[in-house]
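To be precise, the following lines are target16.txt, and they hold compact mmCIF, C-alpha atoms.
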```
# COMPACT_ATOMS: atom_id res chain seq x y z
CA MET J 8 90.87 32.50 254.11
CA PHE J 9 91.85 36.08 253.33
CA LYS J 10 93.14 38.13 256.26
CA ASP J 11 94.52 41.64 255.94
CA PHE J 12 94.84 42.77 259.59
CA ALA J 13 96.58 41.38 262.66
CA LYS J 14 97.79 42.47 266.11
CA ILE J 15 101.03 40.96 267.39
CA TYR J 16 103.66 41.41 270.12
CA ILE J 17 107.26 41.45 268.92
CA ALA J 18 110.56 41.54 270.82
CA SER J 19 114.24 41.26 270.03
CA GLY J 20 116.54 39.06 272.12
CA LYS J 21 118.07 40.25 275.37
CA GLY J 22 121.84 40.57 275.38
CA GLY J 23 123.80 37.99 277.36
CA ASP J 24 125.28 39.16 280.67
CA GLY J 25 129.01 39.66 281.06
CA HIS J 26 130.67 37.11 283.35
CA VAL J 27 132.57 37.57 286.61
CA SER J 28 135.49 35.17 287.07
CA PHE J 29 139.18 35.18 287.95
CA ARG J 30 142.18 33.20 286.74
CA LYS J 31 143.03 30.19 288.84
CA GLU J 32 146.53 29.08 288.01
CA LYS J 33 149.12 27.10 289.90
CA TYR J 34 151.42 29.35 291.89
CA VAL J 35 149.10 32.34 291.13
CA PRO J 36 146.80 32.58 294.17
CA ASN J 37 145.18 35.84 293.13
CA GLY J 38 144.69 35.73 289.37
CA GLY J 39 143.26 38.66 287.48
CA PRO J 40 139.74 38.94 286.10
CA ASN J 41 138.92 36.80 283.04
CA GLY J 42 135.14 37.01 282.72
CA GLY J 43 133.99 36.84 279.09
CA ASP J 44 131.50 39.06 277.29
CA GLY J 45 127.87 38.12 276.74
CA GLY J 46 126.52 37.49 273.26
CA LYS J 47 124.34 39.95 271.39
CA GLY J 48 120.60 39.28 271.41
CA GLY J 49 118.90 38.32 268.17
CA ASP J 50 117.34 40.99 265.96
CA LEU J 51 113.63 41.01 265.09
CA ILE J 52 113.40 41.30 261.29
CA PHE J 53 110.50 41.71 258.87
CA GLU J 54 110.97 40.37 255.36
CA VAL J 55 108.74 40.44 252.29
CA ASP J 56 107.74 37.06 250.88
CA LYS J 57 106.24 37.63 247.43
CA GLY J 58 104.63 34.22 247.62
CA LEU J 59 102.29 35.48 250.35
CA ASN J 60 99.16 37.52 249.70
CA THR J 61 97.43 37.38 253.08
CA LEU J 62 98.16 37.77 256.80
CA TYR J 63 96.49 34.45 257.55
CA GLU J 64 99.67 33.12 259.22
CA PHE J 65 99.05 35.53 262.11
CA ARG J 66 95.55 34.31 262.81
CA HIS J 67 96.57 32.12 265.75
CA LYS J 68 100.13 33.20 266.57
CA HIS J 69 100.47 36.62 268.17
CA LYS J 70 103.84 36.59 269.96
CA PHE J 71 107.23 36.68 268.24
CA VAL J 72 110.47 36.88 270.27
CA ALA J 73 114.05 36.54 269.00
CA SER J 74 116.59 34.43 270.91
CA PRO J 75 118.66 35.97 273.75
CA GLY J 76 122.44 36.11 273.71
CA GLU J 77 124.34 33.67 275.92
CA GLU J 78 126.13 34.75 279.08
CA GLY J 79 129.88 35.12 278.89
CA GLY J 80 132.03 32.42 280.41
CA LYS J 81 135.28 31.89 282.27
CA GLN J 82 138.68 32.27 280.64
CA ASN J 83 137.53 35.20 278.53
CA LYS J 84 135.01 33.08 276.60
CA SER J 85 132.31 35.08 274.91
CA GLY J 86 128.71 33.89 274.86
CA LYS J 87 127.06 33.04 271.55
CA ASN J 88 124.90 35.62 269.82
CA GLY J 89 121.17 34.97 269.85
CA GLU J 90 119.55 33.91 266.58
CA ASP J 91 117.66 36.56 264.61
CA LEU J 92 113.93 36.03 264.13
CA VAL J 93 112.66 36.73 260.60
CA ILE J 94 108.92 37.37 260.22
CA LYS J 95 107.72 37.01 256.63
CA VAL J 96 104.84 39.15 255.40
CA PRO J 97 103.20 39.91 252.04
CA GLU J 98 104.39 42.87 250.03
CA GLY J 99 102.30 45.88 250.93
CA THR J 100 102.15 45.18 254.67
CA ILE J 101 102.18 48.29 256.85
CA ILE J 102 103.50 47.89 260.40
CA ARG J 103 102.09 50.36 262.94
CA GLU J 104 102.80 50.98 266.62
CA GLU J 105 99.55 49.83 268.16
CA GLU J 106 98.90 52.59 270.69
CA SER J 107 99.70 55.61 268.51
CA GLY J 108 98.79 54.11 265.14
CA LYS J 109 101.99 55.59 263.68
CA ILE J 110 103.74 53.80 260.84
CA VAL J 111 106.89 51.94 261.88
CA ALA J 112 107.63 50.44 258.45
CA ASP J 113 105.93 49.95 255.09
CA MET J 114 107.04 46.67 253.54
CA SER J 115 106.78 47.92 249.97
CA GLY J 116 109.03 49.17 247.20
CA ASP J 117 112.67 48.71 248.20
CA ASN J 118 111.77 47.88 251.81
CA LEU J 119 112.03 44.14 251.32
CA ARG J 120 113.90 43.49 254.58
CA VAL J 121 113.81 45.70 257.69
CA VAL J 122 115.53 45.17 261.03
CA LEU J 123 112.71 46.51 263.17
CA LEU J 124 114.03 45.76 266.67
CA HIS J 125 117.73 45.39 267.41
CA GLY J 126 118.88 42.77 269.87
CA GLY J 127 120.36 43.88 273.17
CA ARG J 128 124.13 44.26 273.11
CA GLY J 129 126.18 41.73 275.00
CA GLY J 130 127.42 42.80 278.44
CA LYS J 131 131.13 43.20 279.06
CA GLY J 132 132.87 40.74 281.35
CA ASN J 133 134.69 41.89 284.48
CA GLN J 134 138.05 41.78 282.66
CA HIS J 135 137.10 45.13 281.09
CA TYR J 136 136.72 46.88 284.44
CA ALA J 137 140.12 46.23 285.95
CA THR J 138 141.97 49.44 286.79
CA SER J 139 145.04 50.36 288.79
CA THR J 140 142.82 51.02 291.80
CA MET J 141 140.34 48.20 291.18
CA GLN J 142 142.35 45.18 290.04
CA ALA J 143 139.74 42.56 290.95
CA PRO J 144 136.32 43.94 289.94
CA LYS J 145 133.48 41.75 291.15
CA TYR J 146 131.00 43.11 288.69
CA ALA J 147 130.27 42.70 285.01
CA GLN J 148 127.97 44.52 282.65
CA PRO J 149 124.47 43.09 282.29
CA GLY J 150 123.26 42.35 278.78
CA GLY J 151 121.29 45.06 277.05
CA ARG J 152 117.55 44.84 277.40
CA ALA J 153 115.45 43.47 274.60
CA MET J 154 113.35 45.89 272.56
CA GLU J 155 109.65 45.12 272.54
CA LEU J 156 106.64 46.54 270.76
CA ASN J 157 102.96 45.88 270.23
CA VAL J 158 102.21 46.40 266.56
CA THR J 159 99.42 46.02 264.07
CA LEU J 160 99.93 44.58 260.59
CA GLU J 161 97.76 45.96 257.83
CA LEU J 162 97.88 44.71 254.26
CA LYS J 163 97.21 47.29 251.53
CA SER J 164 97.19 45.74 248.08
CA ILE J 165 99.82 47.01 245.68
CA ALA J 166 98.08 47.69 242.38
CA ASP J 167 98.39 50.34 239.68
CA VAL J 168 94.70 50.25 238.78
CA GLY J 169 91.81 49.64 241.13
CA LEU J 170 88.38 48.46 239.97
CA VAL J 171 85.60 49.88 242.16
CA GLY J 172 81.87 49.54 241.96
CA PHE J 173 78.81 48.12 243.62
CA PRO J 174 78.44 44.33 243.87
CA ASN J 175 77.76 42.33 240.69
CA VAL J 176 78.76 45.02 238.17
CA GLY J 177 81.34 42.70 236.54
CA LYS J 178 84.68 43.62 238.12
CA SER J 179 85.75 40.01 238.66
CA THR J 180 84.66 39.08 235.13
CA LEU J 181 86.76 41.88 233.64
CA LEU J 182 89.82 41.00 235.73
CA SER J 183 89.62 37.34 234.74
CA ARG J 184 89.39 38.31 231.05
CA VAL J 185 92.30 40.76 230.92
CA SER J 186 94.80 39.25 233.38
CA ASN J 187 96.21 36.08 234.87
CA ALA J 188 93.91 36.33 237.88
CA ASN J 189 91.30 33.65 238.49
CA PRO J 190 88.69 35.16 240.80
CA LYS J 191 85.51 33.34 241.76
CA ILE J 192 82.57 34.71 239.78
CA GLY J 193 78.92 34.46 240.67
CA ASN J 194 75.75 36.44 241.23
CA TYR J 195 75.65 37.05 244.98
CA GLN J 196 75.23 40.09 247.17
CA PHE J 197 78.99 40.03 247.87
CA THR J 198 80.60 37.91 245.18
CA THR J 199 84.14 38.94 246.10
CA ILE J 200 85.22 38.98 249.74
CA ASN J 201 88.88 39.83 249.19
CA PRO J 202 90.85 41.86 246.64
CA ASN J 203 92.08 39.91 243.62
CA LEU J 204 95.16 41.08 241.75
CA GLY J 205 96.21 40.33 238.20
CA VAL J 206 98.87 41.53 235.75
CA VAL J 207 97.46 43.11 232.60
CA GLU J 208 99.66 43.01 229.48
CA ILE J 209 98.83 44.75 226.21
CA ASP J 210 100.66 43.93 222.96
CA GLY J 211 103.61 42.51 224.89
CA GLU J 212 104.54 45.89 226.36
CA ASP J 213 105.08 46.64 230.04
CA GLY J 214 101.92 45.72 231.87
CA PHE J 215 100.31 47.00 235.03
CA VAL J 216 98.75 45.43 238.09
CA MET J 217 94.98 45.61 238.37
CA ALA J 218 93.03 44.94 241.57
CA ASP J 219 89.40 43.97 241.84
CA ILE J 220 88.34 45.83 244.99
CA PRO J 221 85.37 44.04 246.61
CA GLY J 222 81.95 45.59 246.05
CA LEU J 223 81.49 48.80 247.99
CA ILE J 224 78.22 49.94 249.50
CA GLU J 225 76.94 53.25 250.82
CA GLY J 226 78.27 53.77 254.35
CA ALA J 227 81.53 51.93 253.61
CA SER J 228 83.58 54.92 254.80
CA GLU J 229 81.89 54.58 258.22
CA GLY J 230 82.80 50.92 258.31
CA VAL J 231 79.41 49.58 257.21
CA GLY J 232 79.78 46.02 256.02
CA LEU J 233 83.47 45.47 255.31
CA GLY J 234 83.92 49.06 254.17
CA HIS J 235 87.21 49.96 255.86
CA GLN J 236 88.75 46.62 254.96
CA PHE J 237 87.93 47.23 251.28
CA LEU J 238 88.66 50.95 251.03
CA LYS J 239 92.23 50.72 252.30
CA HIS J 240 93.19 48.61 249.29
CA ILE J 241 92.47 51.58 247.00
CA GLU J 242 94.97 53.87 248.69
CA ARG J 243 98.06 52.66 246.79
CA THR J 244 96.36 52.57 243.37
CA LYS J 245 97.29 55.21 240.82
CA VAL J 246 94.17 55.01 238.67
CA ILE J 247 90.59 54.17 239.60
CA ILE J 248 88.19 52.49 237.17
CA HIS J 249 84.54 52.90 238.08
CA MET J 250 82.59 49.92 236.83
CA ILE J 251 78.85 50.34 236.51
CA ASP J 252 76.04 48.18 235.18
CA ALA J 253 74.98 50.09 232.07
CA ALA J 254 72.05 47.71 231.55
CA SER J 255 70.74 48.39 235.08
CA ILE J 256 69.94 44.69 235.45
CA GLU J 257 69.38 45.11 239.19
CA GLY J 258 67.49 48.37 238.76
CA ARG J 259 70.31 50.67 239.90
CA ASP J 260 71.01 54.11 238.42
CA PRO J 261 74.63 54.02 237.10
CA ILE J 262 75.15 57.78 237.50
CA ASN J 263 74.02 57.73 241.12
CA ASP J 264 76.25 54.69 241.75
CA ILE J 265 79.36 56.59 240.61
CA LYS J 266 78.47 59.60 242.75
CA ALA J 267 77.75 57.40 245.75
CA ILE J 268 81.09 55.58 245.52
CA ASN J 269 83.01 58.84 245.03
CA ASN J 270 81.26 60.13 248.14
CA GLU J 271 82.49 57.12 250.11
CA LEU J 272 86.03 57.56 248.75
CA GLU J 273 86.05 61.22 249.76
CA LYS J 274 84.77 60.49 253.27
CA TYR J 275 87.40 57.80 253.78
CA ASN J 276 90.31 59.79 252.35
CA PRO J 277 89.79 62.98 250.28
CA GLU J 278 93.09 62.37 248.49
CA LEU J 279 91.52 59.38 246.73
CA LEU J 280 89.46 61.75 244.58
CA GLU J 281 92.69 63.30 243.27
CA LYS J 282 93.53 60.05 241.50
CA PRO J 283 92.67 59.85 237.76
CA GLN J 284 89.39 58.04 237.10
CA ILE J 285 87.89 56.16 234.18
CA ILE J 286 84.30 54.97 233.85
CA ALA J 287 83.71 51.50 232.44
CA ALA J 288 80.04 51.17 231.49
CA ASN J 289 79.77 47.39 231.53
CA LYS J 290 77.14 44.91 230.28
CA ILE J 291 76.31 46.80 227.08
CA ASP J 292 75.71 43.36 225.56
CA ALA J 293 72.68 43.14 227.85
CA ILE J 294 71.09 46.42 226.70
CA TYR J 295 68.07 45.49 224.58
CA GLU J 296 66.03 48.70 224.72
CA PRO J 297 66.75 50.77 221.61
CA ASP J 298 65.98 53.99 223.46
CA ASN J 299 68.52 53.36 226.26
CA ASP J 300 70.74 56.43 226.23
CA ILE J 301 72.82 55.64 229.36
CA ILE J 302 76.20 56.02 227.58
CA GLU J 303 75.27 59.48 226.30
CA ARG J 304 74.02 60.50 229.75
CA LEU J 305 77.23 59.27 231.40
CA LYS J 306 79.37 61.22 228.94
CA ALA J 307 77.28 64.34 229.42
CA GLU J 308 77.64 64.04 233.20
CA PHE J 309 81.34 63.15 233.55
CA GLU J 310 83.30 63.96 230.36
CA PRO J 311 85.71 65.49 229.53
CA LYS J 312 87.19 65.20 233.03
CA THR J 313 86.48 61.48 233.26
CA LYS J 314 86.38 59.39 230.09
CA VAL J 315 83.55 56.91 229.62
CA PHE J 316 84.08 53.55 227.86
CA ALA J 317 81.21 51.30 226.86
CA ILE J 318 82.35 47.72 227.36
CA SER J 319 81.26 44.13 227.74
CA ALA J 320 83.49 42.14 230.08
CA VAL J 321 81.83 38.97 228.76
CA SER J 322 82.31 39.52 225.02
CA GLY J 323 85.38 41.78 225.21
CA GLN J 324 83.76 44.66 223.34
CA GLY J 325 85.48 47.98 224.17
CA VAL J 326 87.86 46.36 226.67
CA ARG J 327 91.03 46.95 224.63
CA GLU J 328 90.36 50.70 224.40
CA LEU J 329 89.70 50.83 228.15
CA LEU J 330 93.01 49.13 228.94
CA PHE J 331 94.98 51.44 226.64
CA GLU J 332 93.55 54.46 228.48
CA ALA J 333 94.37 52.90 231.86
CA ARG J 334 97.95 52.18 230.83
CA LYS J 335 98.38 55.70 229.46
CA LEU J 336 97.29 57.18 232.78
CA VAL J 337 99.48 54.80 234.80
CA ASN J 338 102.52 55.65 232.65
CA SER J 339 101.87 59.37 233.06
CA ILE J 340 102.04 58.97 236.82
CA GLY J 341 104.89 56.48 237.00
CA THR J 342 105.02 52.86 238.03
CA GLU J 343 106.88 53.30 241.32
CA THR J 344 105.02 51.86 244.27
CA THR J 345 103.58 54.28 246.78
CA VAL J 346 105.56 53.75 250.00
CA TYR J 347 104.46 55.38 253.24
CA GLU J 348 107.14 57.10 255.31
CA SER J 349 108.05 55.84 258.76
CA GLU J 350 106.53 57.91 261.59
CA PHE J 351 107.72 55.92 264.62
CA ASP J 352 111.31 54.98 265.48
CA PRO J 353 111.48 52.16 268.06
CA MET J 354 115.02 53.23 269.02
CA GLU J 355 113.76 56.59 270.28
CA HIS J 356 111.45 54.82 272.69
CA HIS J 357 113.98 52.40 274.06
CA THR J 358 117.15 52.93 276.07
CA ASN J 359 119.59 50.10 275.76
CA TYR J 360 122.60 51.31 277.71
CA GLU J 361 123.36 49.84 281.13
CA LEU J 362 126.50 49.97 283.23
CA PRO J 363 127.16 47.47 286.01
CA TYR J 364 127.35 47.99 289.74
CA THR J 365 127.59 45.80 292.85
CA VAL J 366 125.99 46.05 296.28
CA GLU J 367 127.59 43.94 299.01
CA LYS J 368 127.79 43.63 302.76
CA ILE J 369 131.42 44.07 303.90
CA ALA J 370 130.91 44.06 307.71
CA ASP J 371 128.08 43.65 310.23
CA ASP J 372 126.97 47.22 309.87
CA MET J 373 128.75 48.32 306.69
CA TYR J 374 127.82 48.01 303.00
CA ALA J 375 129.65 49.00 299.80
CA VAL J 376 128.21 50.18 296.49
CA GLU J 377 130.56 50.44 293.54
CA GLY J 378 130.86 49.98 289.81
CA PRO J 379 131.01 52.02 286.57
CA ARG J 380 127.37 53.12 286.85
CA ILE J 381 128.10 54.61 290.27
CA GLU J 382 131.35 56.22 289.11
CA ARG J 383 129.55 57.78 286.19
CA MET J 384 126.88 59.26 288.45
CA LEU J 385 129.48 60.66 290.86
CA GLY J 386 131.25 62.31 287.93
CA TYR J 387 128.38 64.74 287.37
CA THR J 388 126.90 65.01 290.89
CA ASN J 389 128.04 67.36 293.64
CA LEU J 390 127.18 65.51 296.84
CA GLU J 391 128.13 68.52 298.94
CA SER J 392 125.11 70.47 297.70
CA GLU J 393 121.56 69.81 298.92
CA LYS J 394 120.29 69.46 295.36
CA GLY J 395 123.12 67.09 294.43
CA PHE J 396 122.54 64.90 297.48
CA LEU J 397 118.81 64.74 296.71
CA PHE J 398 119.64 63.62 293.18
CA PHE J 399 121.96 60.96 294.64
CA GLN J 400 119.15 59.61 296.83
CA GLN J 401 116.76 59.49 293.87
CA PHE J 402 119.40 57.75 291.76
CA MET J 403 119.89 55.07 294.44
CA GLU J 404 116.14 54.47 294.61
CA LYS J 405 115.45 54.61 290.87
CA ASN J 406 118.21 52.12 290.05
CA GLY J 407 117.05 49.62 292.66
CA ILE J 408 120.14 50.05 294.84
CA LEU J 409 118.18 50.84 298.01
CA GLU J 410 116.04 47.78 297.43
CA GLU J 411 119.14 45.61 297.11
CA LEU J 412 120.59 47.06 300.33
CA GLU J 413 117.37 46.19 302.14
CA LYS J 414 117.50 42.64 300.79
CA LEU J 415 121.00 42.33 302.28
CA GLY J 416 119.57 43.33 305.68
CA ILE J 417 120.69 46.95 306.08
CA GLN J 418 119.35 48.70 309.18
CA GLU J 419 118.95 52.33 310.08
CA GLY J 420 122.27 53.78 311.21
CA ASP J 421 124.37 51.34 309.17
CA THR J 422 127.09 52.77 306.94
CA VAL J 423 127.06 52.78 303.14
CA LYS J 424 130.41 53.29 301.42
CA VAL J 425 130.36 54.76 297.93
CA TYR J 426 133.98 55.03 296.86
CA GLY J 427 135.39 57.99 298.88
CA HIS J 428 132.07 58.83 300.51
CA GLN J 429 130.33 57.34 303.54
CA PHE J 430 126.68 57.79 304.49
CA GLU J 431 124.49 56.62 307.34
CA TYR J 432 121.40 54.78 306.14
CA TYR J 433 118.00 56.10 307.22
CA LYS J 434 114.59 55.44 305.71
```
I need this file expressed as structure tokens, please.
Amino acid sequence: MFKDFAKIYIASGKGGDGHVSFRKEKYVPNGGPNGGDGGKGGDLIFEVDKGLNTLYEFRHKHKFVASPGEEGGKQNKSGKNGEDLVIKVPEGTIIREEESGKIVADMSGDNLRVVLLHGGRGGKGNQHYATSTMQAPKYAQPGGRAMELNVTLELKSIADVGLVGFPNVGKSTLLSRVSNANPKIGNYQFTTINPNLGVVEIDGEDGFVMADIPGLIEGASEGVGLGHQFLKHIERTKVIIHMIDAASIEGRDPINDIKAINNELEKYNPELLEKPQIIAANKIDAIYEPDNDIIERLKAEFEPKTKVFAISAVSGQGVRELLFEARKLVNSIGTETTVYESEFDPMEHHTNYELPYTVEKIADDMYAVEGPRIERMLGYTNLESEKGFLFFQQFMEKNGILEELEKLGIQEGDTVKVYGHQFEYYK
């Protein structure tokens, strides 16, 4: 089953916490700190697998989380790093932040492997926080938080030339004749339900990739039928070939068909009409009326801006000339894949820097709060000013310190020591 869209939750691994421990040696009753560092959390990585051509693997699995880092241990032992998680996707997959719709990464061109979410850094053990005034720190740094994101995956086929047209005009037949593709061919309302890609080679020279875009209908740009799912596969193409049924076997007007499809392309994305176009008037082998002047009418309507080629995908008549024109246009544009720029940086929406602190009860009515996070706050806060003291109160609440004091049983009127400062606790 073809699938070109998916919604998934992704997360890197949390960093392992630093450890709090002290040396216990014979004849050394009060050994120094020897808590080890936590391991780094695993990264969340996207990687192109050129053997994939669909997002079917995401049909049932929607959550992907890398492994966390291990906690540090005693005797300065560091925890192991968490394993990275590699998610494999087809080339051409666009990763978007779900809420904003902004592009996080386009897995195309040189973007074959992207570290999308970095694992949390490992926390430092208490050995790192020993100072001349604090020789036995009872705190260690917690591991960095994991990064998480809800994303959508959208597959946009990577092709140089896109075949567009109403159903049953012969796109699949042409692709099967000129390339290594093997699409299913039949006479149904929607013969093709997913894009087929094939490599076209002419006279052994550099070839190009051609995509059979499923039959479009009027209203496709508004999402009628599978319109949006089909139209997005045209966006990377460099050249568009309009295929029409020159014999009008199903009673359609070829000129109106071309105008109708161009109208849908313009409504979906006006830039699509800036791409070079070729008209392939197919099924000329089925024209039996001697007075059928459809080729002349097509040329009068669209040339010289858009060249018209009379072809038969069944017999091969005119196909070689059509392919030479397509290759000439592709070469004039260049064969580099269109890669969409990133619009969303997960790092800008995630803070991954935490310093440790401790909250402990040191007497019946006295509590102490200390640690690098507290020292850092005191370094830029003037507690003597009303504004500074208000900031201090908000800091204590925002960082969960007041909640921890309440869990320890603090009562109104009890004392809180914060290094050289003492405060009475009141709600």
Neighbours of point (71.7, 56.4, 235.2) within 12 Å, using all atoms listed in the file, written as a PDB file with C-alpha atoms, in the coordinates of the input:
```
ATOM      1  CA  ILE J 251      78.850  50.340 236.510  1.00  0.00           C
ATOM      2  CA  ASP J 252      76.040  48.180 235.180  1.00  0.00           C
ATOM      3  CA  ALA J 253      74.980  50.090 232.070  1.00  0.00           C
ATOM      4  CA  ALA J 254      72.050  47.710 231.550  1.00  0.00           C
ATOM      5  CA  SER J 255      70.740  48.390 235.080  1.00  0.00           C
ATOM      6  CA  ILE J 256      69.940  44.690 235.450  1.00  0.00           C
ATOM      7  CA  GLY J 258      67.490  48.370 238.760  1.00  0.00           C
ATOM      8  CA  ARG J 259      70.310  50.670 239.900  1.00  0.00           C
ATOM      9  CA  ASP J 260      71.010  54.110 238.420  1.00  0.00           C
ATOM     10  CA  PRO J 261      74.630  54.020 237.100  1.00  0.00           C
ATOM     11  CA  ILE J 262      75.150  57.780 237.500  1.00  0.00           C
ATOM     12  CA  ASN J 263      74.020  57.730 241.120  1.00  0.00           C
ATOM     13  CA  ASP J 264      76.250  54.690 241.750  1.00  0.00           C
ATOM     14  CA  ILE J 265      79.360  56.590 240.610  1.00  0.00           C
ATOM     15  CA  LYS J 266      78.470  59.600 242.750  1.00  0.00           C
ATOM     16  CA  ALA J 288      80.040  51.170 231.490  1.00  0.00           C
ATOM     17  CA  ASN J 299      68.520  53.360 226.260  1.00  0.00           C
ATOM     18  CA  ASP J 300      70.740  56.430 226.230  1.00  0.00           C
ATOM     19  CA  ILE J 301      72.820  55.640 229.360  1.00  0.00           C
ATOM     20  CA  ILE J 302      76.200  56.020 227.580  1.00  0.00           C
ATOM     21  CA  GLU J 303      75.270  59.480 226.300  1.00  0.00           C
ATOM     22  CA  ARG J 304      74.020  60.500 229.750  1.00  0.00           C
ATOM     23  CA  LEU J 305      77.230  59.270 231.400  1.00  0.00           C
ATOM     24  CA  LYS J 306      79.370  61.220 228.940  1.00  0.00           C
ATOM     25  CA  ALA J 307      77.280  64.340 229.420  1.00  0.00           C
ATOM     26  CA  GLU J 308      77.640  64.040 233.200  1.00  0.00           C
ATOM     27  CA  PHE J 309      81.340  63.150 233.550  1.00  0.00           C
TER      28      PHE J 309
END
```
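For the pair atom CA of J:Leu119 and atom CA of J:Val346, the interatomic distance is 11.7 Å.
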- Message: For J:Gly127, find every residue with an atom within 12 Å (counting all atoms listed in the file), except residues of its own chain fewer than 2 positions away, and show them as a VMD selection string.
- Response: chain J and resid 18 to 24 45 to 51 73 to 77 88 to 91 124 to 125 129 to 130 149 to 155 354 357 to 361
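Minimum atom-to-atom distances from J:Ser28, J:Glu273, J:Tyr374, J:Phe430 to J:Phe399 were compared using all atoms listed in the file, and the lowest value belongs to J:Phe430.
Residue nearest J:Glu419 within the list J:Val158, J:Met403, J:Met373, J:Met384: J:Met373 [criterion: smallest interatomic distance, all atoms listed in the file].
Put simply, atom CA of J:Val206 is 15.5 Å away from atom CA of J:Lys335.
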N, CA and C atoms of stretch 331-348 of chain J, written as an mmCIF file, in the first residue's frame:
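The new file out_14.cif reads:
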```
data_model
loop_
_atom_site.group_PDB
_atom_site.id
_atom_site.type_symbol
_atom_site.label_atom_id
_atom_site.label_comp_id
_atom_site.auth_asym_id
_atom_site.auth_seq_id
_atom_site.Cartn_x
_atom_site.Cartn_y
_atom_site.Cartn_z
ATOM 1 N N PHE J 331 13.663 13.643 -26.190
ATOM 2 C CA PHE J 331 14.794 14.542 -26.453
ATOM 3 C C PHE J 331 14.463 15.966 -25.987
ATOM 4 N N GLU J 332 13.240 16.403 -26.251
ATOM 5 C CA GLU J 332 12.828 17.747 -25.813
ATOM 6 C C GLU J 332 12.802 17.827 -24.290
ATOM 7 N N ALA J 333 12.297 16.791 -23.639
ATOM 8 C CA ALA J 333 12.246 16.778 -22.176
ATOM 9 C C ALA J 333 13.647 16.840 -21.584
ATOM 10 N N ARG J 334 14.565 16.045 -22.146
ATOM 11 C CA ARG J 334 15.933 16.057 -21.616
ATOM 12 C C ARG J 334 16.602 17.405 -21.839
ATOM 13 N N LYS J 335 16.340 18.023 -22.998
ATOM 14 C CA LYS J 335 16.931 19.337 -23.267
ATOM 15 C C LYS J 335 16.470 20.365 -22.236
ATOM 16 N N LEU J 336 15.193 20.326 -21.893
ATOM 17 C CA LEU J 336 14.671 21.273 -20.913
ATOM 18 C C LEU J 336 15.222 20.984 -19.518
ATOM 19 N N VAL J 337 15.314 19.701 -19.164
ATOM 20 C CA VAL J 337 15.867 19.337 -17.851
ATOM 21 C C VAL J 337 17.309 19.804 -17.747
ATOM 22 N N ASN J 338 18.090 19.568 -18.789
ATOM 23 C CA ASN J 338 19.511 19.963 -18.775
ATOM 24 C C ASN J 338 19.665 21.477 -18.694
ATOM 25 N N SER J 339 18.730 22.213 -19.283
ATOM 26 C CA SER J 339 18.837 23.678 -19.252
ATOM 27 C C SER J 339 18.573 24.227 -17.856
ATOM 28 N N ILE J 340 17.840 23.453 -17.068
ATOM 29 C CA ILE J 340 17.527 23.881 -15.707
ATOM 30 C C ILE J 340 18.565 23.382 -14.716
ATOM 31 N N GLY J 341 19.097 22.184 -14.974
ATOM 32 C CA GLY J 341 20.041 21.570 -14.041
ATOM 33 C C GLY J 341 19.390 20.376 -13.378
ATOM 34 N N THR J 342 20.218 19.415 -13.018
ATOM 35 C CA THR J 342 19.688 18.167 -12.467
ATOM 36 C C THR J 342 19.710 18.117 -10.942
ATOM 37 N N GLU J 343 20.120 19.215 -10.302
ATOM 38 C CA GLU J 343 20.138 19.204 -8.842
ATOM 39 C C GLU J 343 18.726 19.133 -8.290
ATOM 40 N N THR J 344 18.564 18.338 -7.251
ATOM 41 C CA THR J 344 17.259 18.161 -6.636
ATOM 42 C C THR J 344 16.825 19.430 -5.913
ATOM 43 N N THR J 345 15.566 19.764 -6.052
ATOM 44 C CA THR J 345 15.006 20.890 -5.299
ATOM 45 C C THR J 345 14.897 20.494 -3.831
ATOM 46 N N VAL J 346 15.598 21.242 -2.976
ATOM 47 C CA VAL J 346 15.577 20.958 -1.531
ATOM 48 C C VAL J 346 15.008 22.166 -0.815
ATOM 49 N N TYR J 347 13.991 21.929 0.008
ATOM 50 C CA TYR J 347 13.347 23.021 0.731
ATOM 51 C C TYR J 347 14.156 23.380 1.977
ATOM 52 N N GLU J 348 14.282 24.680 2.220
ATOM 53 C CA GLU J 348 15.055 25.166 3.360
ATOM 54 C C GLU J 348 14.317 24.903 4.676
#
```
